[in-house]
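The structure under discussion appears below in the form of structure tokens.
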Amino acid sequence: MKSILMLAAALLTALLPAPLTVISAQAQNFPNRPIRIVVPFAAGGPADITTRNIAPRLTELLGQSIVVDNRAGGNGTIGAEAMIRSAPDGHTLLMTTASVTSINMVTYAKPPYDTLRDMLPLSPVMTTGSLIVLHPSMPVKNLKEFVAFAKTRPNQIAFGSAGLGGTLHLGLEMLMAEANIKITHVAYKGAAPAVTDVIAGQIQGMFVDLPVISPYVKSGRVRAIAVAAQQRSPHFPDLPSAKEAGFANIDMLNYYGLLTQAKVPRDIALKLHDAIIKTVNTPAVRDRLLAVGADPLTMSIEEFTDYIRKDIEKWRKVVKGANLTFDR
């Protein structure tokens with residue numbers, strides 16, 4: 001009997017380390033091919049700009065090239081689903097925003113994915129505020145003047161956004177509700193094509209994140225009339241906030257971060273997380289992010305997961321409070 005127990009114990013001891021050894025070997029060999037970062041919006045938008053700002057340093061740290069894969073459409077759902085369907089080996093990441101992983105959870109009657117079930121948050125890269133911008137031909141200089149102008153022209157002014165139900169669209173909806181004005185919403189497949197049409201005068205304005213619009217504001221190709229927040233932005237200290245103009249409920253803060261497939265092994269996820277943290281904390285990368293009007297930010301996997309969970313609930317209250325519904 002004693003010999004049988006000893007044999008059983010020996011077999012158990014021999015078997016237990018095996019899974020850990022296999023996973024560790026996977027992490028040691030990771031990555032063994034190029035890393036694909038899916039950007040769920042059009043090229044030239046803030047998510048795309050952010051990805052390309054961090055890609056060179058990530059390449060150095062991971063020892064593999066970074067392939068940026070723009071999959072625009074569906075307010076980020078097309079790109080998000082492409083990442084979710086990828087092999088759970090850590091070689092496919094998603095550059096996400098609040099629109100993709102938070103707001104889609106509350107504006108779809110039946111979301112096409114569950115962020116906290118289907119994705120593994122790695123770390124944010126940055127947060128950013130938004131500006132309300134107009135084509136320079138618009139005969140107003142600030143938000144109060146714009147609201148007064150819009151009241152006399154219901155649905156005659158067109159505002160673009162990066163997609164139906166995203167942060168930029170919700171900013172417009174909040175402004176219309178609070179100011180009692182009617183503006184025509186035009187949904188694009190990303191912020192970049194909407195900005196292009198504002199510059200060209202095809203539409204009159206939009207809410208837009210700082211990273212994509214800052215150069216055009218500084219060059220005068222678009223006119224910023226307010227920061228879509230309760231406080232001024234340190235990147236545009238002379239520009240009044242929406243609260244200063246009398247619209248305290250407009251408070252837009254967007255995050256950009258990297259996620260991967262939910263079933264990616266933990267040690268591979270930690271290796272990716274470590275590379276992301278080191279990338280964002282690289283002085284040259286931080287300088288690039290700050291230069292476009294962003295605020296670099298990193299978190300642990302657990303912190304980022306909790307951050308997204310709370311952000312989903314924040315937007316749920318916004319959508320419910322404004323009685324917003326979207327026909328997807």
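Just remember, in the structure tokens the first chain shown is A, the second B, etc., residues are 1-based per chain, and ligands are 1-based in the order shown.
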Handout entry: stretch 108-114 of chain A surroundings by only C-alpha atoms, 12 Å radius, close-in-sequence under 3 positions cut, as a PyMOL selection string
Key = chain A and resi 74-85+99-105+117-120+164-166+261-262+308-309+312+316+319+324-328
Suppose we keep C-alpha atoms; can you now write the selection as an mmCIF file, in the first residue's frame?
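File written: result_8.cif
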```cif
data_model
loop_
_atom_site.group_PDB
_atom_site.id
_atom_site.type_symbol
_atom_site.label_atom_id
_atom_site.label_comp_id
_atom_site.auth_asym_id
_atom_site.auth_seq_id
_atom_site.Cartn_x
_atom_site.Cartn_y
_atom_site.Cartn_z
ATOM 1 C CA GLY A 74 -19.699 50.087 -37.155
ATOM 2 C CA ASN A 75 -18.337 52.521 -34.550
ATOM 3 C CA GLY A 76 -15.368 50.231 -34.065
ATOM 4 C CA THR A 77 -17.277 46.942 -33.945
ATOM 5 C CA ILE A 78 -15.791 45.591 -37.190
ATOM 6 C CA GLY A 79 -12.238 45.975 -35.916
ATOM 7 C CA ALA A 80 -13.102 44.766 -32.423
ATOM 8 C CA GLU A 81 -14.698 41.596 -33.748
ATOM 9 C CA ALA A 82 -11.668 40.974 -35.984
ATOM 10 C CA MET A 83 -9.452 41.001 -32.896
ATOM 11 C CA ILE A 84 -11.839 38.797 -30.908
ATOM 12 C CA ARG A 85 -11.879 36.203 -33.709
ATOM 13 C CA SER A 99 -16.566 54.288 -28.034
ATOM 14 C CA VAL A 100 -15.490 50.729 -28.815
ATOM 15 C CA THR A 101 -15.195 49.080 -25.415
ATOM 16 C CA SER A 102 -17.473 51.204 -23.209
ATOM 17 C CA ILE A 103 -20.170 53.024 -25.172
ATOM 18 C CA ASN A 104 -21.005 50.179 -27.571
ATOM 19 C CA MET A 105 -21.956 48.142 -24.510
ATOM 20 C CA ARG A 117 -15.952 38.687 -21.461
ATOM 21 C CA ASP A 118 -14.312 38.649 -24.888
ATOM 22 C CA MET A 119 -11.339 40.974 -24.395
ATOM 23 C CA LEU A 120 -8.374 41.189 -22.057
ATOM 24 C CA LEU A 164 -23.051 56.448 -34.660
ATOM 25 C CA GLY A 165 -23.223 56.274 -30.881
ATOM 26 C CA GLY A 166 -19.539 57.047 -30.250
ATOM 27 C CA GLN A 261 -8.126 38.278 -26.963
ATOM 28 C CA ALA A 262 -9.617 37.168 -23.625
ATOM 29 C CA ILE A 308 -13.392 50.081 -18.324
ATOM 30 C CA ARG A 309 -16.057 48.511 -16.099
ATOM 31 C CA ILE A 312 -19.288 51.464 -19.124
ATOM 32 C CA ARG A 316 -24.864 53.949 -19.327
ATOM 33 C CA VAL A 319 -27.295 57.478 -22.413
ATOM 34 C CA LEU A 324 -30.799 58.433 -26.236
ATOM 35 C CA THR A 325 -31.653 55.543 -28.527
ATOM 36 C CA PHE A 326 -29.801 54.501 -31.664
ATOM 37 C CA ASP A 327 -31.135 52.494 -34.572
ATOM 38 C CA ARG A 328 -28.095 50.413 -35.444
#
```
Practice task
Please provide as a VMD selection string all residues within 9 Å of A:Met174, with the sequence filter that same-chain residues fewer than 3 positions apart are discarded (counting only C-alpha atoms).
Solution key: chain A and resid 169 to 171 177 to 179 249 to 250 318 322
Since we have the selection now, will you write its residues out, keeping C-alpha atoms, as an mmCIF file, in the first residue's frame?
```cif
data_model
loop_
_atom_site.group_PDB
_atom_site.id
_atom_site.type_symbol
_atom_site.label_atom_id
_atom_site.label_comp_id
_atom_site.auth_asym_id
_atom_site.auth_seq_id
_atom_site.Cartn_x
_atom_site.Cartn_y
_atom_site.Cartn_z
ATOM 1 C CA HIS A 169 -21.759 61.673 -31.393
ATOM 2 C CA LEU A 170 -22.800 61.562 -27.735
ATOM 3 C CA GLY A 171 -21.149 64.942 -27.164
ATOM 4 C CA ALA A 177 -30.386 68.285 -25.312
ATOM 5 C CA GLU A 178 -28.905 70.882 -22.977
ATOM 6 C CA ALA A 179 -29.073 73.816 -25.402
ATOM 7 C CA ASN A 249 -23.317 68.567 -18.518
ATOM 8 C CA ILE A 250 -20.896 68.352 -21.443
ATOM 9 C CA VAL A 318 -25.324 59.378 -19.777
ATOM 10 C CA ALA A 322 -30.384 61.863 -22.079
#
```
Completion exercise
One decimal place gives the atom CA of A:Pro136-atom CA of A:Gly201 separation as 8.5 Å
Practice task
Write out as a ChimeraX atom specification all residues of stretch 118-295 of chain A that DSSP puts in helix (DSSP H, G or I) for this structure's backbone.
Solution key: /A:118,143-151,167-179,191-200,210-219,266-280,283-291
Exercise for the section: Find the spatial neighbours of stretch 46-62 of chain A, counting only C-alpha atoms, within a cut-off of 10 Å - ignore same-chain residues fewer than 3 positions away - and output them as a ChimeraX atom specification. Expected result: /A:30-32,34-35,37-43,65-70,94-97,125-126,128,190-192,208-213,255-258,271-272,274-280,282,284-286,288-289,292,294
Closest contacts (stretch 58-140 of chain A/stretch 216-228 of chain A, max 6 Å, only C-alpha atoms) as a tab-separated table:
```
residue	atom	partner	partner_atom	distance
A:Ser130	CA	A:Ala228	CA	5.4
A:Leu131	CA	A:Val227	CA	4.5
A:Ile132	CA	A:Ala226	CA	5.4
A:Val133	CA	A:Ala224	CA	4.2
A:Leu134	CA	A:Arg223	CA	5.1
A:His135	CA	A:Val222	CA	5.1
A:Pro136	CA	A:Arg223	CA	5.5
```
Selected residues written out with N, CA and C atoms, as a compact mmCIF listing (two decimals), in the first residue's frame:
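Writing the result to selection_35.txt gives the following:
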```
# COMPACT_ATOMS: atom_id res chain seq x y z
N SER A 130 -11.81 66.61 -25.69
CA SER A 130 -12.34 66.91 -27.02
C SER A 130 -12.60 68.41 -27.15
N LEU A 131 -12.56 68.88 -28.39
CA LEU A 131 -12.88 70.27 -28.70
C LEU A 131 -14.14 70.30 -29.55
N ILE A 132 -14.86 71.40 -29.48
CA ILE A 132 -15.95 71.67 -30.41
C ILE A 132 -15.39 72.61 -31.45
N VAL A 133 -15.35 72.17 -32.70
CA VAL A 133 -14.73 72.97 -33.76
C VAL A 133 -15.71 73.24 -34.88
N LEU A 134 -15.47 74.35 -35.60
CA LEU A 134 -16.31 74.77 -36.70
C LEU A 134 -15.45 75.12 -37.90
N HIS A 135 -16.07 75.10 -39.07
CA HIS A 135 -15.41 75.65 -40.25
C HIS A 135 -15.27 77.16 -40.05
N PRO A 136 -14.14 77.75 -40.46
CA PRO A 136 -13.92 79.18 -40.22
C PRO A 136 -14.96 80.11 -40.83
```
Exercise for the section: Check the smallest atom-to-atom distance from each of A:Gly163, A:Gln231, A:Val186, A:Thr260 to A:Lys243 using only C-alpha atoms, then report the winner. Expected result: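 The answer is A:Gln231, which sits nearest to A:Lys243.
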Practice task
Could you please determine the separation between atom CA of A:Phe159 and atom CA of A:His235 in Å, to one decimal place?
Solution key: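 Taking atom CA of A:Phe159 and atom CA of A:His235, their separation equals 23.4 Å.
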Practice task
Could you tell me how far atom CA of A:Asn180 lies from atom CA of A:Lys314, in Å and to one decimal?
Solution key: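 Between atom CA of A:Asn180 and atom CA of A:Lys314 the gap is 22.9 Å.
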Practice task
Rank A:Lys310, A:Lys182, A:His91, A:Arg232 by their smallest atom-to-atom distance to A:Pro265, using only C-alpha atoms, and report the top residue only.
Solution key: A:His91
Problem - Option closest in space to A:Pro240, from A:Glu173, A:Pro124, A:Gln28, A:Lys141 [counting only C-alpha atoms] - result: A:Lys141
Exercise for the section: From stretch 139-287 of chain A, collect each residue whose DSSP state is strand (DSSP E) and return the set as a PyMOL selection string. Expected result: chain A and resi 158-161+184-187+205-209+223-227+253-261
